[in-house]
file my_file.cif (mmCIF, C-alpha atoms)
data_structure
loop_
_atom_site.group_PDB
_atom_site.id
_atom_site.type_symbol
_atom_site.label_atom_id
_atom_site.label_comp_id
_atom_site.auth_asym_id
_atom_site.auth_seq_id
_atom_site.Cartn_x
_atom_site.Cartn_y
_atom_site.Cartn_z
ATOM 1 C CA MET A 1 -5.150 7.119 4.648
ATOM 2 C CA LYS A 2 -3.933 10.057 2.593
ATOM 3 C CA MET A 3 -0.807 10.804 4.647
ATOM 4 C CA LEU A 4 0.509 7.234 4.316
ATOM 5 C CA GLU A 5 -0.330 7.086 0.606
ATOM 6 C CA GLU A 6 1.628 10.287 -0.011
ATOM 7 C CA ARG A 7 4.700 9.036 1.870
ATOM 8 C CA ILE A 8 4.634 5.736 -0.035
ATOM 9 C CA ARG A 9 4.453 7.618 -3.347
ATOM 10 C CA GLU A 10 7.253 10.003 -2.340
ATOM 11 C CA GLU A 11 9.658 7.631 -0.582
ATOM 12 C CA GLY A 12 8.583 4.055 -1.276
ATOM 13 C CA LEU A 13 10.703 1.902 -3.566
ATOM 14 C CA ILE A 14 9.154 -0.831 -5.680
ATOM 15 C CA LEU A 15 11.595 -3.756 -5.593
ATOM 16 C CA SER A 16 9.333 -6.252 -7.354
ATOM 17 C CA ASP A 17 5.647 -6.900 -7.983
ATOM 18 C CA LYS A 18 5.422 -8.230 -4.394
ATOM 19 C CA VAL A 19 7.863 -6.021 -2.471
ATOM 20 C CA LEU A 20 7.445 -2.365 -1.557
ATOM 21 C CA LYS A 21 10.345 -0.966 0.455
ATOM 22 C CA VAL A 22 9.252 1.662 3.003
ATOM 23 C CA ASP A 23 11.978 1.313 5.613
ATOM 24 C CA SER A 24 13.038 4.941 5.245
ATOM 25 C CA PHE A 25 9.961 6.011 7.241
ATOM 26 C CA LEU A 26 8.377 2.931 8.851
ATOM 27 C CA ASN A 27 11.045 0.423 9.873
ATOM 28 C CA HIS A 28 14.426 1.916 10.745
ATOM 29 C CA GLN A 29 13.644 5.597 11.103
ATOM 30 C CA VAL A 30 10.109 5.695 12.449
ATOM 31 C CA ASP A 31 8.265 8.902 11.664
ATOM 32 C CA THR A 32 6.390 9.290 14.947
ATOM 33 C CA ARG A 33 3.808 11.703 13.531
ATOM 34 C CA LEU A 34 2.980 9.293 10.721
ATOM 35 C CA ALA A 35 2.841 6.324 13.143
ATOM 36 C CA LEU A 36 0.471 8.247 15.429
ATOM 37 C CA ALA A 37 -1.769 9.229 12.502
ATOM 38 C CA ILE A 38 -1.887 5.595 11.319
ATOM 39 C CA GLY A 39 -2.800 4.444 14.845
ATOM 40 C CA GLN A 40 -5.557 7.028 15.094
ATOM 41 C CA GLU A 41 -6.961 5.941 11.738
ATOM 42 C CA PHE A 42 -6.885 2.275 12.783
ATOM 43 C CA GLY A 43 -8.699 3.238 15.996
ATOM 44 C CA ARG A 44 -11.316 5.123 14.019
ATOM 45 C CA ILE A 45 -11.884 2.227 11.617
ATOM 46 C CA PHE A 46 -11.566 -0.747 13.957
ATOM 47 C CA GLY A 47 -12.438 0.833 17.312
ATOM 48 C CA GLY A 48 -15.848 1.021 18.798
ATOM 49 C CA GLY A 49 -15.475 -0.934 21.950
ATOM 50 C CA HIS A 50 -13.058 -1.300 24.807
ATOM 51 C CA ARG A 51 -11.418 -4.650 25.389
ATOM 52 C CA ALA A 52 -9.960 -5.802 28.650
#

call {"tool": "encode", "arguments": {"input": "my_file.cif", "output": "structure tokens"}}
result
Amino acid sequence: MKMLEERIREEGLILSDKVLKVDSFLNHQVDTRLALAIGQEFGRIFGGGHRA
């Protein structure tokens, strides 16, 4: 997803080869527009049926 990739490039911090810090927009200060866009993309990719 382009929007998430851009935010990671702009605001993500590489702490090690296994840790990418993105708490500025995903953990502590949730960007609701970004979260909604991610959810919509997940729905598009993994959706297809309704589950009860």

call {"tool": "closest_residue", "arguments": {"input": "my_file.cif", "among": "A:Met1, A:Ile45, A:Ile14, A:Ile8", "to": "Leu26 in chain A", "atoms": "all atoms listed in the file"}}
result
A:Ile8

call {"tool": "axis_aligned_box", "arguments": {"input": "my_file.cif", "around": "range 12-28 of chain A", "padding_each_side": "6 Å", "output": "JSON"}}
result
{"center_x": 9.9, "center_y": -1.1, "center_z": 1.4, "size_x": 21.0, "size_y": 26.2, "size_z": 30.7}

call {"tool": "residues_around", "arguments": {"input": "my_file.cif", "residues": "Ser24 in chain A", "least_positions_apart": "3", "cutoff": "10 Å", "atoms": "only C-alpha atoms", "output": "ChimeraX atom specification"}}
result
/A:7-8,11-13,21,27-31

call {"tool": "atom_distance", "arguments": {"input": "my_file.cif", "atom1": "CA of Arg33 in chain A", "atom2": "CA of Leu15 in chain A"}}
result
25.8 Å

call {"tool": "atom_distance", "arguments": {"input": "my_file.cif", "atom1": "CA of Glu10 in chain A", "atom2": "CA of Phe46 in chain A"}}
result
27.1 Å

call {"tool": "atom_distance", "arguments": {"input": "my_file.cif", "atom1": "CA of Phe25 in chain A", "atom2": "CA of Gly43 in chain A"}}
result
20.8 Å

call {"tool": "closest_residue", "arguments": {"input": "my_file.cif", "among": "A:Asp23, A:Leu4, A:Arg9, A:Ser16", "to": "Gly39 in chain A", "atoms": "only C-alpha atoms"}}
result
A:Leu4

call {"tool": "build_atoms", "arguments": {"input": "my_file.cif", "residues": "range 7-21 of chain A", "atoms": "N, CA and C atoms", "output": "PDB file, in the frame of the given file"}}
result
ATOM      1  N   ARG A   7       3.335   9.429   1.510  1.00  0.00           N
ATOM      2  CA  ARG A   7       4.700   9.036   1.870  1.00  0.00           C
ATOM      3  C   ARG A   7       5.162   7.847   1.035  1.00  0.00           C
ATOM      4  N   ILE A   8       4.269   6.887   0.793  1.00  0.00           N
ATOM      5  CA  ILE A   8       4.634   5.736  -0.035  1.00  0.00           C
ATOM      6  C   ILE A   8       4.984   6.204  -1.443  1.00  0.00           C
ATOM      7  N   ARG A   9       4.184   7.100  -1.998  1.00  0.00           N
ATOM      8  CA  ARG A   9       4.453   7.618  -3.347  1.00  0.00           C
ATOM      9  C   ARG A   9       5.767   8.392  -3.399  1.00  0.00           C
ATOM     10  N   GLU A  10       6.052   9.170  -2.360  1.00  0.00           N
ATOM     11  CA  GLU A  10       7.253  10.003  -2.340  1.00  0.00           C
ATOM     12  C   GLU A  10       8.522   9.207  -2.041  1.00  0.00           C
ATOM     13  N   GLU A  11       8.453   8.274  -1.079  1.00  0.00           N
ATOM     14  CA  GLU A  11       9.658   7.631  -0.582  1.00  0.00           C
ATOM     15  C   GLU A  11       9.715   6.121  -0.762  1.00  0.00           C
ATOM     16  N   GLY A  12       8.597   5.502  -1.114  1.00  0.00           N
ATOM     17  CA  GLY A  12       8.583   4.055  -1.276  1.00  0.00           C
ATOM     18  C   GLY A  12       9.336   3.620  -2.523  1.00  0.00           C
ATOM     19  N   LEU A  13       9.978   2.470  -2.436  1.00  0.00           N
ATOM     20  CA  LEU A  13      10.703   1.902  -3.566  1.00  0.00           C
ATOM     21  C   LEU A  13      10.077   0.573  -3.943  1.00  0.00           C
ATOM     22  N   ILE A  14       9.712   0.428  -5.193  1.00  0.00           N
ATOM     23  CA  ILE A  14       9.154  -0.831  -5.680  1.00  0.00           C
ATOM     24  C   ILE A  14      10.324  -1.737  -6.063  1.00  0.00           C
ATOM     25  N   LEU A  15      10.500  -2.820  -5.327  1.00  0.00           N
ATOM     26  CA  LEU A  15      11.595  -3.756  -5.593  1.00  0.00           C
ATOM     27  C   LEU A  15      11.165  -4.889  -6.513  1.00  0.00           C
ATOM     28  N   SER A  16       9.888  -5.235  -6.464  1.00  0.00           N
ATOM     29  CA  SER A  16       9.333  -6.252  -7.354  1.00  0.00           C
ATOM     30  C   SER A  16       7.820  -6.097  -7.318  1.00  0.00           C
ATOM     31  N   ASP A  17       7.108  -6.992  -7.996  1.00  0.00           N
ATOM     32  CA  ASP A  17       5.647  -6.900  -7.983  1.00  0.00           C
ATOM     33  C   ASP A  17       5.052  -7.313  -6.636  1.00  0.00           C
ATOM     34  N   LYS A  18       5.899  -7.811  -5.713  1.00  0.00           N
ATOM     35  CA  LYS A  18       5.422  -8.230  -4.394  1.00  0.00           C
ATOM     36  C   LYS A  18       6.115  -7.514  -3.236  1.00  0.00           C
ATOM     37  N   VAL A  19       7.094  -6.657  -3.539  1.00  0.00           N
ATOM     38  CA  VAL A  19       7.863  -6.021  -2.471  1.00  0.00           C
ATOM     39  C   VAL A  19       7.879  -4.507  -2.645  1.00  0.00           C
ATOM     40  N   LEU A  20       7.405  -3.820  -1.610  1.00  0.00           N
ATOM     41  CA  LEU A  20       7.445  -2.365  -1.557  1.00  0.00           C
ATOM     42  C   LEU A  20       8.307  -1.984  -0.362  1.00  0.00           C
ATOM     43  N   LYS A  21       9.402  -1.320  -0.605  1.00  0.00           N
ATOM     44  CA  LYS A  21      10.345  -0.966   0.455  1.00  0.00           C
ATOM     45  C   LYS A  21       9.963   0.411   1.032  1.00  0.00           C
TER      46      LYS A  21
END
